[in-house]
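Trainee: Structure file data-v3.tsv (TSV, C-alpha atoms) right here:
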chain	number	residue	atom	x	y	z
A	148	MET	CA	4.75	-13.81	-8.71
A	149	SER	CA	1.71	-16.03	-9.23
A	150	LYS	CA	0.47	-15.09	-5.75
A	151	LEU	CA	0.57	-11.44	-6.84
A	152	LYS	CA	-1.36	-12.29	-10.02
A	153	VAL	CA	1.00	-10.37	-12.28
A	154	PRO	CA	0.51	-11.07	-16.01
A	155	GLY	CA	3.30	-13.08	-17.62
A	156	ALA	CA	4.43	-10.20	-19.82
A	157	MET	CA	5.07	-8.00	-16.76
A	158	ARG	CA	6.59	-10.57	-14.38
A	159	LEU	CA	10.24	-9.85	-15.13
A	160	ARG	CA	9.75	-6.09	-14.87
A	161	VAL	CA	7.78	-6.40	-11.62
A	162	ALA	CA	10.43	-8.76	-10.22
A	163	GLN	CA	13.17	-6.22	-11.01
A	164	ILE	CA	11.27	-3.51	-9.15
A	165	LEU	CA	10.51	-5.79	-6.20
A	166	VAL	CA	14.19	-6.65	-5.77
A	167	ILE	CA	14.78	-2.95	-5.06
A	168	THR	CA	11.72	-2.40	-2.86
A	169	ASP	CA	12.46	-5.56	-0.86
A	170	ARG	CA	16.09	-4.56	-0.33
A	171	VAL	CA	15.22	-1.05	0.85
A	172	CYS	CA	12.37	-2.20	3.08
A	173	VAL	CA	14.46	-4.91	4.76
A	174	ALA	CA	17.39	-2.57	5.32
A	175	HIS	CA	15.57	0.61	6.37
A	176	LEU	CA	11.88	-0.09	7.09
A	177	ASP	CA	10.31	-3.47	7.92
A	178	SER	CA	8.73	-6.54	6.35
A	179	GLU	CA	5.22	-5.08	6.47
A	180	TYR	CA	6.33	-2.16	4.30
A	181	GLY	CA	7.93	-4.67	1.96
A	182	GLU	CA	4.67	-6.61	1.62
A	183	LEU	CA	2.64	-3.44	1.03
A	184	CYS	CA	5.08	-2.39	-1.70
A	185	ARG	CA	4.63	-5.82	-3.30
A	186	VAL	CA	0.85	-5.29	-3.34
A	187	LEU	CA	1.22	-1.85	-4.92
A	188	VAL	CA	3.73	-2.90	-7.58
A	189	ALA	CA	1.57	-5.91	-8.47
A	190	ARG	CA	-1.45	-3.61	-8.91
A	191	LEU	CA	0.61	-1.46	-11.28
A	192	GLY	CA	1.76	-4.58	-13.12
A	193	ARG	CA	-1.85	-5.70	-13.67
A	194	LYS	CA	-2.94	-2.30	-15.00
A	195	ARG	CA	-3.68	-2.37	-18.77
A	196	PRO	CA	-1.48	-1.05	-20.23
A	197	SER	CA	0.94	-1.25	-17.35
A	198	PRO	CA	2.82	1.99	-16.69
A	199	LEU	CA	5.72	-0.14	-15.42
A	200	ALA	CA	6.57	-1.23	-18.96
A	201	ARG	CA	8.69	1.87	-19.51
A	202	GLY	CA	11.08	3.87	-17.38
A	203	ASP	CA	13.84	3.24	-14.87
A	204	VAL	CA	13.03	0.42	-12.42
A	205	ARG	CA	14.80	2.34	-9.61
A	206	ILE	CA	12.44	5.27	-10.13
A	207	TRP	CA	9.40	2.97	-10.13
A	208	ALA	CA	10.65	1.29	-6.95
A	209	ALA	CA	11.25	4.66	-5.33
A	210	GLY	CA	7.80	5.87	-6.34
A	211	ALA	CA	6.18	2.72	-4.97
A	212	ILE	CA	7.94	2.98	-1.61
A	213	TYR	CA	7.17	6.70	-1.38
A	214	THR	CA	3.49	6.03	-2.18
A	215	VAL	CA	3.21	3.40	0.55
A	216	ALA	CA	5.18	5.66	2.90
A	217	ARG	CA	2.72	8.53	2.39
A	218	VAL	CA	-0.31	6.32	2.96
A	219	ASN	CA	1.26	5.13	6.23
A	220	PHE	CA	2.69	8.45	7.49
A	221	LEU	CA	6.28	7.16	7.36
A	222	PHE	CA	7.56	10.75	7.19
A	223	ASP	CA	5.86	11.63	10.51
A	224	ARG	CA	8.44	11.60	13.31
A	225	SER	CA	5.95	10.00	15.70
A	226	GLN	CA	5.76	6.85	13.54
A	227	ASP	CA	7.89	3.77	13.96
A	228	PRO	CA	9.61	3.14	11.62
A	229	HIS	CA	10.28	6.70	10.50
A	230	VAL	CA	12.54	8.10	7.79
A	231	THR	CA	12.50	11.42	6.00
A	232	ALA	CA	11.86	11.72	2.28
A	233	ASP	CA	15.47	12.84	1.84
A	234	GLU	CA	16.74	9.74	3.66
A	235	LEU	CA	14.45	7.48	1.62
A	236	ALA	CA	15.69	8.99	-1.64
A	237	ALA	CA	19.29	8.51	-0.51
A	238	HIS	CA	18.65	4.87	0.44
A	239	ILE	CA	17.29	4.17	-3.04
A	240	GLY	CA	19.79	6.38	-4.87
A	241	VAL	CA	17.31	8.69	-6.59
A	242	VAL	CA	16.47	12.38	-6.51
A	243	LYS	CA	13.71	13.19	-4.00
A	244	SER	CA	11.64	15.28	-6.44
A	245	THR	CA	11.76	12.50	-9.06
A	246	MET	CA	10.64	9.98	-6.44
A	247	ALA	CA	7.79	12.24	-5.29
A	248	ASN	CA	6.68	12.90	-8.87
A	249	LYS	CA	6.56	9.17	-9.63
A	250	ALA	CA	4.57	8.61	-6.44
A	251	ALA	CA	2.08	11.28	-7.53
A	252	LEU	CA	1.72	9.53	-10.89
A	253	ILE	CA	1.15	6.19	-9.13
A	254	ALA	CA	-1.48	7.69	-6.82
A	255	LYS	CA	-3.28	9.27	-9.77
A	256	THR	CA	-3.05	6.14	-11.94
A	257	LEU	CA	-4.50	3.92	-9.21
A	258	ASP	CA	-6.80	6.60	-7.74
A	259	LEU	CA	-5.27	6.15	-4.29
A	260	GLY	CA	-6.27	8.04	-1.18
A	261	MET	CA	-5.27	8.01	2.44
A	262	PHE	CA	-6.04	4.82	4.37
A	263	GLU	CA	-6.08	2.75	1.19
A	264	PRO	CA	-7.11	-0.56	2.84
A	265	ASP	CA	-4.71	-2.91	1.05
A	266	LEU	CA	-1.78	-0.47	1.37
A	267	THR	CA	-2.20	0.54	5.02
A	268	ARG	CA	-0.30	-0.98	7.92
A	269	VAL	CA	-2.35	-3.11	10.32
A	270	ALA	CA	-1.60	-0.89	13.32
A	271	ILE	CA	-2.96	2.16	11.49
A	272	LEU	CA	-6.08	0.34	10.28
A	273	GLU	CA	-6.82	-0.91	13.78
A	274	ARG	CA	-6.81	2.68	15.09
A	275	HIS	CA	-8.70	4.28	12.20
A	276	PRO	CA	-12.41	4.43	13.03
A	277	MET	CA	-13.63	5.11	9.47
A	278	ALA	CA	-12.10	1.87	8.20
A	279	TRP	CA	-14.72	0.01	10.23
A	280	ILE	CA	-17.86	2.02	9.41
A	281	VAL	CA	-20.52	0.22	7.35
A	282	GLN	CA	-24.12	1.01	6.58
A	283	VAL	CA	-26.70	-1.42	7.96
A	284	ASN	CA	-30.39	-0.74	7.25
A	285	GLY	CA	-29.59	2.91	6.61
A	286	PHE	CA	-27.57	3.37	9.81
A	287	MET	CA	-23.82	3.89	10.05
A	288	VAL	CA	-22.38	1.22	12.35
A	289	ASP	CA	-18.94	0.22	13.57
A	290	ALA	CA	-18.56	-3.24	12.01
A	291	ARG	CA	-16.58	-4.44	15.03
A	292	THR	CA	-19.83	-4.35	17.02
A	293	LEU	CA	-21.69	-6.62	14.58
A	294	ARG	CA	-22.18	-10.37	14.92
A	295	GLU	CA	-19.21	-12.38	13.70
A	296	GLU	CA	-20.98	-13.76	10.61
A	297	LEU	CA	-21.88	-10.21	9.51
A	298	GLN	CA	-18.27	-9.12	10.04
A	299	ASP	CA	-17.13	-12.08	7.93
A	300	GLU	CA	-19.51	-11.06	5.14
A	301	ALA	CA	-18.33	-7.44	5.31
A	302	ARG	CA	-14.69	-8.65	5.03
A	303	ARG	CA	-15.57	-10.91	2.10
A	304	ARG	CA	-17.15	-7.95	0.29
A	305	GLY	CA	-14.14	-5.75	1.05
A	306	LEU	CA	-16.15	-3.32	3.16
A	307	ILE	CA	-13.84	-3.62	6.17
A	308	PRO	CA	-10.18	-4.58	6.51
A	309	ASP	CA	-9.26	-8.24	6.75
A	310	LEU	CA	-6.59	-8.17	9.43
A	311	GLN	CA	-6.45	-11.97	9.73
A	312	SER	CA	-4.88	-12.58	6.32
What's the structure tokens form of this structure?

Mentor:
Amino acid sequence: MSKLKVPGAMRLRVAQILVITDRVCVAHLDSEYGELCRVLVARLGRKRPSPLARGDVRIWAAGAIYTVARVNFLFDRSQDPHVTADELAAHIGVVKSTMANKAALIAKTLDLGMFEPDLTRVAILERHPMAWIVQVNGFMVDARTLREELQDEARRRGLIPDLQS
């Protein structure tokens, strides 16, 4: 929990949600999805006031997994792993519309979009050209073509993904 930087008052609640997300991700997705869900739930736990303080932990877990799933195109048959929203809801034991509504609330609360860097799988980030575009002296440049020290600085500033961590 300390690694996730969750405030003390929210640690128990976050832990309860993570038990569910971890279980579902291990059984039906993979460890990378589990880690991304941990990042998302921790962000919600740090929000002031935290929306996680109230409501059913199963619904919060379902919303978190659905949010990460949408960002990573889990519902697209060409992806591996792949599950449908109906299957995901069944795995968690919630109603699909409730899960989707909670995910919409999460996305709005955290102002999330597609290719959210800290919620996107490495394989998707590696293939996404816009994740690597930075502006240098007024020109748009693919950061992967820059000198290593400039890439390091761009990573430190959060301008490009840090795939090494």

Trainee: Rounded to one decimal place, report the CA of Arg201 (chain A)-CA of Ala236 (chain A) distance in Å.

Mentor: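 Atom-to-atom, CA of Arg201 (chain A) to CA of Ala236 (chain A), that is 20.5 Å.
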
Trainee: Can you pull out the residues contacting region 202-205 of chain A? Cut-off 10 Å, using all atoms listed in the file, and skip same-chain residues under 2 positions away; I want them as a short mmCIF file (atom, residue, chain, number, x, y, z; two decimals) with C-alpha atoms, keeping the file's coordinate frame.

Mentor:
data_model
loop_
_atom_site.label_atom_id
_atom_site.label_comp_id
_atom_site.auth_asym_id
_atom_site.auth_seq_id
_atom_site.Cartn_x
_atom_site.Cartn_y
_atom_site.Cartn_z
CA ARG A 160 9.75 -6.09 -14.87
CA VAL A 161 7.78 -6.40 -11.62
CA ALA A 162 10.43 -8.76 -10.22
CA GLN A 163 13.17 -6.22 -11.01
CA ILE A 164 11.27 -3.51 -9.15
CA LEU A 165 10.51 -5.79 -6.20
CA VAL A 166 14.19 -6.65 -5.77
CA ILE A 167 14.78 -2.95 -5.06
CA THR A 168 11.72 -2.40 -2.86
CA PRO A 198 2.82 1.99 -16.69
CA LEU A 199 5.72 -0.14 -15.42
CA ALA A 200 6.57 -1.23 -18.96
CA TRP A 207 9.40 2.97 -10.13
CA ALA A 208 10.65 1.29 -6.95
CA ALA A 209 11.25 4.66 -5.33
CA GLY A 210 7.80 5.87 -6.34
CA ALA A 211 6.18 2.72 -4.97
CA ILE A 239 17.29 4.17 -3.04
CA GLY A 240 19.79 6.38 -4.87
CA VAL A 241 17.31 8.69 -6.59
CA MET A 246 10.64 9.98 -6.44
#

Trainee: Within 9 Å of region 213-223 of chain A, counting all atoms listed in the file, which residues qualify if same-chain residues fewer than 2 places away don't, as a PyMOL selection string?

Mentor: chain A and resi 180+183-184+187+208-211+225-232+235-236+246-247+249-251+253-254+259-263+266-268+271

Trainee: Figure out the distance between CA of His175 (chain A) and CA of Val153 (chain A), please, to one decimal in Å.

Mentor: 26.1 Å

Trainee: Given the point (-21.4, 2.0, 12.4) in the coordinates of this file, which residues lie within 12 Å, counting all atoms listed in the file, and how would they look as a compact mmCIF listing (two decimals) with C-alpha atoms, keeping the file's coordinate frame?

Mentor:
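This is the output file selection.txt:
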# COMPACT_ATOMS: atom_id res chain seq x y z
CA PRO A 276 -12.41 4.43 13.03
CA MET A 277 -13.63 5.11 9.47
CA ALA A 278 -12.10 1.87 8.20
CA TRP A 279 -14.72 0.01 10.23
CA ILE A 280 -17.86 2.02 9.41
CA VAL A 281 -20.52 0.22 7.35
CA GLN A 282 -24.12 1.01 6.58
CA VAL A 283 -26.70 -1.42 7.96
CA ASN A 284 -30.39 -0.74 7.25
CA GLY A 285 -29.59 2.91 6.61
CA PHE A 286 -27.57 3.37 9.81
CA MET A 287 -23.82 3.89 10.05
CA VAL A 288 -22.38 1.22 12.35
CA ASP A 289 -18.94 0.22 13.57
CA ALA A 290 -18.56 -3.24 12.01
CA ARG A 291 -16.58 -4.44 15.03
CA THR A 292 -19.83 -4.35 17.02
CA LEU A 293 -21.69 -6.62 14.58
CA GLN A 298 -18.27 -9.12 10.04
CA LEU A 306 -16.15 -3.32 3.16
CA ILE A 307 -13.84 -3.62 6.17
